[in-house]
$ cat upload13.cif   # mmCIF, C-alpha atoms and all ligand atoms
data_work
#
loop_
_atom_site.group_PDB
_atom_site.id
_atom_site.type_symbol
_atom_site.label_atom_id
_atom_site.label_comp_id
_atom_site.auth_asym_id
_atom_site.auth_seq_id
_atom_site.Cartn_x
_atom_site.Cartn_y
_atom_site.Cartn_z
ATOM 1 C CA MET A 4 -18.652 8.126 14.934
ATOM 2 C CA THR A 5 -16.199 8.530 12.100
ATOM 3 C CA ILE A 6 -13.596 6.150 10.790
ATOM 4 C CA GLU A 7 -10.916 8.222 12.573
ATOM 5 C CA ASP A 8 -12.431 7.657 16.010
ATOM 6 C CA PRO A 9 -9.994 5.602 18.079
ATOM 7 C CA ILE A 10 -11.039 2.295 19.539
ATOM 8 C CA GLU A 11 -9.163 0.282 22.081
ATOM 9 C CA ALA A 12 -6.029 -1.192 20.545
ATOM 10 C CA PRO A 13 -6.551 -4.870 19.742
ATOM 11 C CA THR A 14 -4.563 -7.595 21.444
ATOM 12 C CA ASP A 15 -2.384 -9.863 19.319
ATOM 13 C CA ALA A 16 -4.928 -12.657 19.779
ATOM 14 C CA GLU A 17 -7.773 -10.399 18.609
ATOM 15 C CA LEU A 18 -5.792 -9.265 15.597
ATOM 16 C CA LEU A 19 -5.057 -12.876 14.654
ATOM 17 C CA ASP A 20 -8.743 -13.737 15.022
ATOM 18 C CA LEU A 21 -9.662 -10.861 12.717
ATOM 19 C CA ALA A 22 -7.105 -12.017 10.141
ATOM 20 C CA ARG A 23 -8.420 -15.567 10.400
ATOM 21 C CA ALA A 24 -11.976 -14.332 9.860
ATOM 22 C CA ALA A 25 -10.870 -12.188 6.920
ATOM 23 C CA ARG A 26 -9.269 -15.263 5.331
ATOM 24 C CA ALA A 27 -12.753 -16.709 4.906
ATOM 25 C CA THR A 28 -13.598 -13.853 2.532
ATOM 26 C CA ALA A 29 -10.697 -14.607 0.163
ATOM 27 C CA TYR A 30 -11.338 -15.061 -3.544
ATOM 28 C CA ALA A 31 -8.747 -17.687 -4.443
ATOM 29 C CA PRO A 32 -10.236 -20.036 -7.068
ATOM 30 C CA TYR A 33 -6.871 -20.507 -8.827
ATOM 31 C CA SER A 34 -4.366 -21.191 -6.041
ATOM 32 C CA ARG A 35 -6.987 -22.364 -3.545
ATOM 33 C CA PHE A 36 -4.699 -20.760 -0.958
ATOM 34 C CA ARG A 37 -6.654 -18.320 1.175
ATOM 35 C CA VAL A 38 -4.958 -15.594 3.186
ATOM 36 C CA GLY A 39 -6.393 -13.057 5.605
ATOM 37 C CA ALA A 40 -4.717 -10.006 7.093
ATOM 38 C CA ALA A 41 -5.566 -7.493 9.795
ATOM 39 C CA VAL A 42 -3.502 -4.403 10.455
ATOM 40 C CA ALA A 43 -3.709 -2.259 13.578
ATOM 41 C CA THR A 44 -2.923 1.451 13.507
ATOM 42 C CA ALA A 45 -1.482 3.731 16.167
ATOM 43 C CA ALA A 46 -4.933 5.285 16.499
ATOM 44 C CA GLY A 47 -6.307 1.924 17.579
ATOM 45 C CA ARG A 48 -8.222 0.970 14.476
ATOM 46 C CA VAL A 49 -8.053 -2.273 12.517
ATOM 47 C CA PHE A 50 -8.342 -2.780 8.776
ATOM 48 C CA THR A 51 -8.697 -6.228 7.259
ATOM 49 C CA GLY A 52 -8.200 -7.811 3.859
ATOM 50 C CA ALA A 53 -7.982 -11.102 2.014
ATOM 51 C CA ASN A 54 -6.351 -12.179 -1.210
ATOM 52 C CA VAL A 55 -8.367 -11.509 -4.349
ATOM 53 C CA GLU A 56 -7.139 -13.438 -7.375
ATOM 54 C CA ASN A 57 -7.833 -12.822 -11.033
ATOM 55 C CA ALA A 58 -8.062 -14.823 -14.269
ATOM 56 C CA SER A 59 -5.182 -12.629 -15.398
ATOM 57 C CA SER A 60 -2.912 -13.795 -12.592
ATOM 58 C CA PRO A 61 -0.703 -10.688 -12.092
ATOM 59 C CA ALA A 62 -3.876 -8.695 -11.465
ATOM 60 C CA GLY A 63 -4.503 -10.646 -8.265
ATOM 61 C CA ILE A 64 -3.667 -9.005 -4.968
ATOM 62 C CA CYS A 65 -2.462 -10.286 -1.601
ATOM 63 C CA ALA A 66 -4.371 -9.939 1.651
ATOM 64 C CA GLU A 67 -1.799 -7.548 3.125
ATOM 65 C CA ARG A 68 -2.143 -5.176 0.172
ATOM 66 C CA VAL A 69 -5.904 -5.165 0.519
ATOM 67 C CA ALA A 70 -5.691 -4.371 4.255
ATOM 68 C CA ALA A 71 -2.877 -1.823 4.585
ATOM 69 C CA PRO A 72 -3.936 0.693 1.893
ATOM 70 C CA GLN A 73 -7.318 0.976 3.580
ATOM 71 C CA ALA A 74 -5.554 2.333 6.656
ATOM 72 C CA VAL A 75 -3.578 4.742 4.497
ATOM 73 C CA VAL A 76 -6.627 6.167 2.735
ATOM 74 C CA ALA A 77 -8.366 6.514 6.104
ATOM 75 C CA GLY A 78 -5.520 8.840 7.067
ATOM 76 C CA GLN A 79 -3.931 6.282 9.396
ATOM 77 C CA ARG A 80 -0.465 5.761 8.009
ATOM 78 C CA GLU A 81 1.061 4.697 11.298
ATOM 79 C CA LEU A 82 0.770 0.915 11.182
ATOM 80 C CA THR A 83 1.791 -0.884 14.364
ATOM 81 C CA THR A 84 1.036 -4.614 14.024
ATOM 82 C CA LEU A 85 -0.146 -6.767 11.131
ATOM 83 C CA ALA A 86 -1.490 -10.289 11.538
ATOM 84 C CA VAL A 87 -1.512 -12.608 8.536
ATOM 85 C CA VAL A 88 -3.113 -16.040 8.494
ATOM 86 C CA GLY A 89 -2.829 -18.400 5.547
ATOM 87 C CA ASP A 90 -4.104 -21.855 4.709
ATOM 88 C CA GLY A 91 -1.923 -24.813 5.593
ATOM 89 C CA THR A 92 0.457 -25.536 8.422
ATOM 90 C CA GLY A 93 2.891 -23.040 9.901
ATOM 91 C CA PRO A 94 3.249 -19.290 9.566
ATOM 92 C CA CYS A 95 2.276 -17.622 6.303
ATOM 93 C CA THR A 96 4.842 -14.868 5.858
ATOM 94 C CA PRO A 97 4.241 -11.862 3.573
ATOM 95 C CA CYS A 98 5.573 -12.058 0.021
ATOM 96 C CA GLY A 99 8.324 -9.746 -1.167
ATOM 97 C CA ILE A 100 6.005 -7.221 -2.792
ATOM 98 C CA CYS A 101 3.938 -6.974 0.394
ATOM 99 C CA ARG A 102 7.061 -6.499 2.495
ATOM 100 C CA GLN A 103 8.071 -3.585 0.299
ATOM 101 C CA VAL A 104 4.597 -2.011 0.388
ATOM 102 C CA LEU A 105 4.429 -2.280 4.186
ATOM 103 C CA TYR A 106 7.983 -0.945 4.578
ATOM 104 C CA GLU A 107 6.919 2.320 2.955
ATOM 105 C CA PHE A 108 4.772 3.169 5.965
ATOM 106 C CA ALA A 109 6.114 1.039 8.796
ATOM 107 C CA PRO A 110 9.696 -0.246 8.734
ATOM 108 C CA ASP A 111 9.282 -1.225 12.380
ATOM 109 C CA LEU A 112 5.948 -3.012 11.840
ATOM 110 C CA ARG A 113 5.374 -6.082 14.010
ATOM 111 C CA ILE A 114 4.142 -8.999 11.941
ATOM 112 C CA LEU A 115 2.305 -11.965 13.445
ATOM 113 C CA ALA A 116 2.264 -14.844 10.980
ATOM 114 C CA SER A 117 0.108 -17.906 11.374
ATOM 115 C CA GLY A 118 -1.564 -20.784 9.567
ATOM 116 C CA GLU A 119 -4.300 -23.289 10.191
ATOM 117 C CA ASP A 120 -2.447 -25.048 13.010
ATOM 118 C CA GLY A 121 -2.571 -21.876 15.088
ATOM 119 C CA SER A 122 1.169 -21.608 15.641
ATOM 120 C CA VAL A 123 2.345 -18.004 15.523
ATOM 121 C CA ARG A 124 5.686 -16.462 14.670
ATOM 122 C CA THR A 125 6.430 -12.832 15.382
ATOM 123 C CA TYR A 126 8.705 -10.718 13.212
ATOM 124 C CA VAL A 127 9.776 -7.103 12.925
ATOM 125 C CA LEU A 128 9.535 -6.099 9.271
ATOM 126 C CA GLY A 129 12.710 -4.089 8.778
ATOM 127 C CA SER A 130 15.058 -6.195 10.862
ATOM 128 C CA ASP A 131 13.677 -9.683 10.194
ATOM 129 C CA LEU A 132 11.903 -9.680 6.822
ATOM 130 C CA LEU A 133 13.388 -6.819 4.795
ATOM 131 C CA PRO A 134 16.836 -5.947 6.134
ATOM 132 C CA ASP A 135 18.495 -2.952 4.468
ATOM 133 C CA GLY A 136 15.194 -2.217 2.743
ATOM 134 C CA PHE A 137 14.761 0.616 0.283
ATOM 135 C CA GLY A 138 12.342 3.202 1.633
ATOM 136 C CA PRO A 139 11.236 6.807 1.424
ATOM 137 C CA ARG A 140 14.027 8.070 3.674
ATOM 138 C CA ARG A 141 16.556 7.114 1.003
ATOM 139 C CA LEU A 142 14.863 9.345 -1.537
ATOM 140 C CA ARG A 143 14.725 12.288 0.870
ATOM 141 C CA ALA A 144 18.410 11.967 1.855
HETATM 142 N N1 LIG B 201 -0.806 -14.481 -0.710
HETATM 143 C C1 LIG B 201 -1.224 -13.505 0.143
HETATM 144 O O1 LIG B 201 -2.340 -12.996 0.020
HETATM 145 N N2 LIG B 201 -0.394 -13.112 1.120
HETATM 146 C C2 LIG B 201 0.785 -13.718 1.422
HETATM 147 O O2 LIG B 201 1.413 -13.340 2.392
HETATM 148 C C3 LIG B 201 1.284 -14.820 0.592
HETATM 149 C C4 LIG B 201 0.510 -15.094 -0.645
HETATM 150 C C5 LIG B 201 -1.722 -14.958 -1.751
HETATM 151 C C6 LIG B 201 -1.409 -14.560 -3.156
HETATM 152 C C7 LIG B 201 -2.155 -15.625 -3.934
HETATM 153 O O3 LIG B 201 -3.508 -15.237 -4.066
HETATM 154 C C8 LIG B 201 -2.092 -16.845 -3.043
HETATM 155 O O4 LIG B 201 -1.758 -16.371 -1.750
HETATM 156 C C9 LIG B 201 -1.091 -17.895 -3.485
HETATM 157 O O5 LIG B 201 0.140 -17.314 -3.735
#
$ encode --input "upload13.cif" --output "structure tokens"
Amino acid sequence: MTIEDPIEAPTDAELLDLARAARATAYAPYSRFRVGAAVATAAGRVFTGANVENASSPAGICAERVAAPQAVVAGQRELTTLAVVGDGTGPCTPCGICRQVLYEFAPDLRILASGEDGSVRTYVLGSDLLPDGFGPRRLRA
């Protein structure tokens, strides 16, 4: 079995569970705000991440940017759905930098955002969270 071997595509509920579990691995001693992410690829695999902060604050990284690049370096650039679960009540939506990073590979990415109360909001990256985004197509035009 290699990392490229497809598995059955996860359901939204499974992806949210994986993001919630990933949140527990966060290193967030400064903000005390833990975030977990799980991204599914077209090949049916899932990559997870959590935020990892740093004493030099700009060196910290968000959960989404820990998860998504793992898919890319595994050769799975086609990202289909990303679940993100943060501490607190209500949906934890990706920050602006994460939106831009995700847009590079998946302008049509579905994003499931949740918090500790379990409520979920669903977005489409390009139309809902980064309209008129700047992406690779612009540079190739
Ligand atoms: N954070 C994420 O990991 N993802 C988000 O979508 C929002 C914010 C992290 C960054 C930082 O470690 C902490 O949450 C507080 O901003």
$ atom_distance --input "upload13.cif" --atom1 "CA of Asp20 in chain A" --atom2 "CA of Tyr33 in chain A"
24.9 Å
$ axis_aligned_box --input "upload13.cif" --around "ligand LIG 201 (chain B)" --padding-each-side "3 Å" --output "lines of an AutoDock Vina configuration file"
center_x = -1.0
center_y = -15.4
center_z = -0.8
size_x = 10.9
size_y = 10.9
size_z = 12.5
$ residues_near_ligand --input "upload13.cif" --ligand "ligand LIG 201 (chain B)" --cutoff "7 Å" --atoms "all atoms listed in the file" --output "PyMOL selection string"
chain A and resi 31+34+36-39+53-56+63-67+87+95-98
$ resolve_selection --input "upload13.cif" --expression "the PyMOL selection byres (((chain A and resi 18) around 10) and not hetatm)" --output "mmCIF file with C-alpha atoms, keeping the file's coordinate frame"
data_model
loop_
_atom_site.group_PDB
_atom_site.id
_atom_site.type_symbol
_atom_site.label_atom_id
_atom_site.label_comp_id
_atom_site.auth_asym_id
_atom_site.auth_seq_id
_atom_site.Cartn_x
_atom_site.Cartn_y
_atom_site.Cartn_z
ATOM 1 C CA ALA A 12 -6.029 -1.192 20.545
ATOM 2 C CA PRO A 13 -6.551 -4.870 19.742
ATOM 3 C CA THR A 14 -4.563 -7.595 21.444
ATOM 4 C CA ASP A 15 -2.384 -9.863 19.319
ATOM 5 C CA ALA A 16 -4.928 -12.657 19.779
ATOM 6 C CA GLU A 17 -7.773 -10.399 18.609
ATOM 7 C CA LEU A 19 -5.057 -12.876 14.654
ATOM 8 C CA ASP A 20 -8.743 -13.737 15.022
ATOM 9 C CA LEU A 21 -9.662 -10.861 12.717
ATOM 10 C CA ALA A 22 -7.105 -12.017 10.141
ATOM 11 C CA ARG A 23 -8.420 -15.567 10.400
ATOM 12 C CA ALA A 24 -11.976 -14.332 9.860
ATOM 13 C CA ALA A 40 -4.717 -10.006 7.093
ATOM 14 C CA ALA A 41 -5.566 -7.493 9.795
ATOM 15 C CA VAL A 42 -3.502 -4.403 10.455
ATOM 16 C CA ALA A 43 -3.709 -2.259 13.578
ATOM 17 C CA VAL A 49 -8.053 -2.273 12.517
ATOM 18 C CA PHE A 50 -8.342 -2.780 8.776
ATOM 19 C CA THR A 51 -8.697 -6.228 7.259
ATOM 20 C CA THR A 84 1.036 -4.614 14.024
ATOM 21 C CA LEU A 85 -0.146 -6.767 11.131
ATOM 22 C CA ALA A 86 -1.490 -10.289 11.538
ATOM 23 C CA VAL A 87 -1.512 -12.608 8.536
ATOM 24 C CA LEU A 115 2.305 -11.965 13.445
#
$ atom_distance --input "upload13.cif" --atom1 "CA of Thr44 in chain A" --atom2 "CA of Gly138 in chain A"
19.4 Å
$ atom_distance --input "upload13.cif" --atom1 "CA of Gly52 in chain A" --atom2 "CA of Ala29 in chain A"
8.1 Å
$ closest_residue --input "upload13.cif" --among "A:Gly78, A:Pro72, A:Pro61, A:Gly89" --to "Arg35 in chain A" --atoms "only C-alpha atoms"
A:Gly89
$ closest_residue --input "upload13.cif" --among "A:Asp135, A:Gln103, A:Arg48, A:Pro94" --to "Glu81 in chain A" --atoms "all atoms listed in the file"
A:Arg48
$ closest_residue --input "upload13.cif" --among "A:Val127, A:Leu142, A:Ala27, A:Ala74" --to "Gly47 in chain A" --atoms "only C-alpha atoms"
A:Ala74
$ closest_residue --input "upload13.cif" --among "A:Glu107, A:Ala77, A:Thr28, A:Asp120" --to "Asp90 in chain A" --atoms "all atoms listed in the file"
A:Asp120
$ build_atoms --input "upload13.cif" --residues "range 66-77 of chain A" --atoms "all heavy atoms" --output "PDB file, in the frame of the given file"
ATOM      1  N   ALA A  66      -3.577 -10.410   0.517  1.00  0.00           N
ATOM      2  CA  ALA A  66      -4.371  -9.939   1.651  1.00  0.00           C
ATOM      3  C   ALA A  66      -3.770  -8.690   2.304  1.00  0.00           C
ATOM      4  O   ALA A  66      -4.492  -7.738   2.652  1.00  0.00           O
ATOM      5  CB  ALA A  66      -4.453 -11.049   2.684  1.00  0.00           C
ATOM      6  N   GLU A  67      -2.463  -8.672   2.452  1.00  0.00           N
ATOM      7  CA  GLU A  67      -1.799  -7.548   3.125  1.00  0.00           C
ATOM      8  C   GLU A  67      -1.983  -6.251   2.340  1.00  0.00           C
ATOM      9  O   GLU A  67      -2.113  -5.174   2.922  1.00  0.00           O
ATOM     10  CB  GLU A  67      -0.297  -7.829   3.263  1.00  0.00           C
ATOM     11  CG  GLU A  67       0.049  -9.036   4.112  1.00  0.00           C
ATOM     12  CD  GLU A  67       0.161 -10.328   3.306  1.00  0.00           C
ATOM     13  OE1 GLU A  67      -0.653 -10.520   2.372  1.00  0.00           O
ATOM     14  OE2 GLU A  67       1.038 -11.138   3.615  1.00  0.00           O
ATOM     15  N   ARG A  68      -1.994  -6.381   0.997  1.00  0.00           N
ATOM     16  CA  ARG A  68      -2.143  -5.176   0.172  1.00  0.00           C
ATOM     17  C   ARG A  68      -3.593  -4.796  -0.062  1.00  0.00           C
ATOM     18  O   ARG A  68      -3.880  -3.800  -0.722  1.00  0.00           O
ATOM     19  CB  ARG A  68      -1.382  -5.341  -1.152  1.00  0.00           C
ATOM     20  CG  ARG A  68       0.106  -5.084  -0.961  1.00  0.00           C
ATOM     21  CD  ARG A  68       0.888  -5.280  -2.224  1.00  0.00           C
ATOM     22  NE  ARG A  68       0.957  -6.678  -2.598  1.00  0.00           N
ATOM     23  CZ  ARG A  68       0.763  -7.153  -3.828  1.00  0.00           C
ATOM     24  NH1 ARG A  68       0.452  -6.326  -4.809  1.00  0.00           N
ATOM     25  NH2 ARG A  68       0.883  -8.442  -4.078  1.00  0.00           N
ATOM     26  N   VAL A  69      -4.506  -5.595   0.439  1.00  0.00           N
ATOM     27  CA  VAL A  69      -5.904  -5.165   0.519  1.00  0.00           C
ATOM     28  C   VAL A  69      -6.107  -4.439   1.850  1.00  0.00           C
ATOM     29  O   VAL A  69      -6.771  -3.403   1.909  1.00  0.00           O
ATOM     30  CB  VAL A  69      -6.867  -6.367   0.396  1.00  0.00           C
ATOM     31  CG1 VAL A  69      -8.304  -5.952   0.698  1.00  0.00           C
ATOM     32  CG2 VAL A  69      -6.764  -6.972  -1.001  1.00  0.00           C
ATOM     33  N   ALA A  70      -5.478  -4.940   2.915  1.00  0.00           N
ATOM     34  CA  ALA A  70      -5.691  -4.371   4.255  1.00  0.00           C
ATOM     35  C   ALA A  70      -4.974  -3.027   4.443  1.00  0.00           C
ATOM     36  O   ALA A  70      -5.605  -2.026   4.828  1.00  0.00           O
ATOM     37  CB  ALA A  70      -5.221  -5.362   5.317  1.00  0.00           C
ATOM     38  N   ALA A  71      -3.667  -3.000   4.196  1.00  0.00           N
ATOM     39  CA  ALA A  71      -2.877  -1.823   4.585  1.00  0.00           C
ATOM     40  C   ALA A  71      -3.286  -0.530   3.853  1.00  0.00           C
ATOM     41  O   ALA A  71      -3.374   0.523   4.499  1.00  0.00           O
ATOM     42  CB  ALA A  71      -1.390  -2.108   4.391  1.00  0.00           C
ATOM     43  N   PRO A  72      -3.549  -0.565   2.548  1.00  0.00           N
ATOM     44  CA  PRO A  72      -3.936   0.693   1.893  1.00  0.00           C
ATOM     45  C   PRO A  72      -5.247   1.281   2.417  1.00  0.00           C
ATOM     46  O   PRO A  72      -5.468   2.490   2.320  1.00  0.00           O
ATOM     47  CB  PRO A  72      -4.046   0.303   0.414  1.00  0.00           C
ATOM     48  CG  PRO A  72      -3.115  -0.857   0.276  1.00  0.00           C
ATOM     49  CD  PRO A  72      -3.282  -1.628   1.555  1.00  0.00           C
ATOM     50  N   GLN A  73      -6.083   0.432   2.990  1.00  0.00           N
ATOM     51  CA  GLN A  73      -7.318   0.976   3.580  1.00  0.00           C
ATOM     52  C   GLN A  73      -6.997   1.887   4.757  1.00  0.00           C
ATOM     53  O   GLN A  73      -7.648   2.915   4.961  1.00  0.00           O
ATOM     54  CB  GLN A  73      -8.203  -0.157   4.078  1.00  0.00           C
ATOM     55  CG  GLN A  73      -8.817  -0.984   2.993  1.00  0.00           C
ATOM     56  CD  GLN A  73      -9.839  -1.920   3.579  1.00  0.00           C
ATOM     57  OE1 GLN A  73     -10.861  -1.468   4.092  1.00  0.00           O
ATOM     58  NE2 GLN A  73      -9.559  -3.197   3.551  1.00  0.00           N
ATOM     59  N   ALA A  74      -5.984   1.484   5.535  1.00  0.00           N
ATOM     60  CA  ALA A  74      -5.554   2.333   6.656  1.00  0.00           C
ATOM     61  C   ALA A  74      -4.997   3.647   6.112  1.00  0.00           C
ATOM     62  O   ALA A  74      -5.317   4.727   6.622  1.00  0.00           O
ATOM     63  CB  ALA A  74      -4.504   1.614   7.493  1.00  0.00           C
ATOM     64  N   VAL A  75      -4.208   3.538   5.066  1.00  0.00           N
ATOM     65  CA  VAL A  75      -3.578   4.742   4.497  1.00  0.00           C
ATOM     66  C   VAL A  75      -4.641   5.723   4.006  1.00  0.00           C
ATOM     67  O   VAL A  75      -4.577   6.921   4.316  1.00  0.00           O
ATOM     68  CB  VAL A  75      -2.610   4.347   3.352  1.00  0.00           C
ATOM     69  CG1 VAL A  75      -2.064   5.589   2.662  1.00  0.00           C
ATOM     70  CG2 VAL A  75      -1.470   3.486   3.895  1.00  0.00           C
ATOM     71  N   VAL A  76      -5.623   5.238   3.278  1.00  0.00           N
ATOM     72  CA  VAL A  76      -6.627   6.167   2.735  1.00  0.00           C
ATOM     73  C   VAL A  76      -7.612   6.639   3.801  1.00  0.00           C
ATOM     74  O   VAL A  76      -8.361   7.591   3.579  1.00  0.00           O
ATOM     75  CB  VAL A  76      -7.370   5.597   1.506  1.00  0.00           C
ATOM     76  CG1 VAL A  76      -6.397   5.303   0.390  1.00  0.00           C
ATOM     77  CG2 VAL A  76      -8.214   4.384   1.847  1.00  0.00           C
ATOM     78  N   ALA A  77      -7.583   5.999   4.970  1.00  0.00           N
ATOM     79  CA  ALA A  77      -8.366   6.514   6.104  1.00  0.00           C
ATOM     80  C   ALA A  77      -7.555   7.534   6.897  1.00  0.00           C
ATOM     81  O   ALA A  77      -7.979   7.991   7.958  1.00  0.00           O
ATOM     82  CB  ALA A  77      -8.792   5.362   7.011  1.00  0.00           C
TER      83      ALA A  77
END
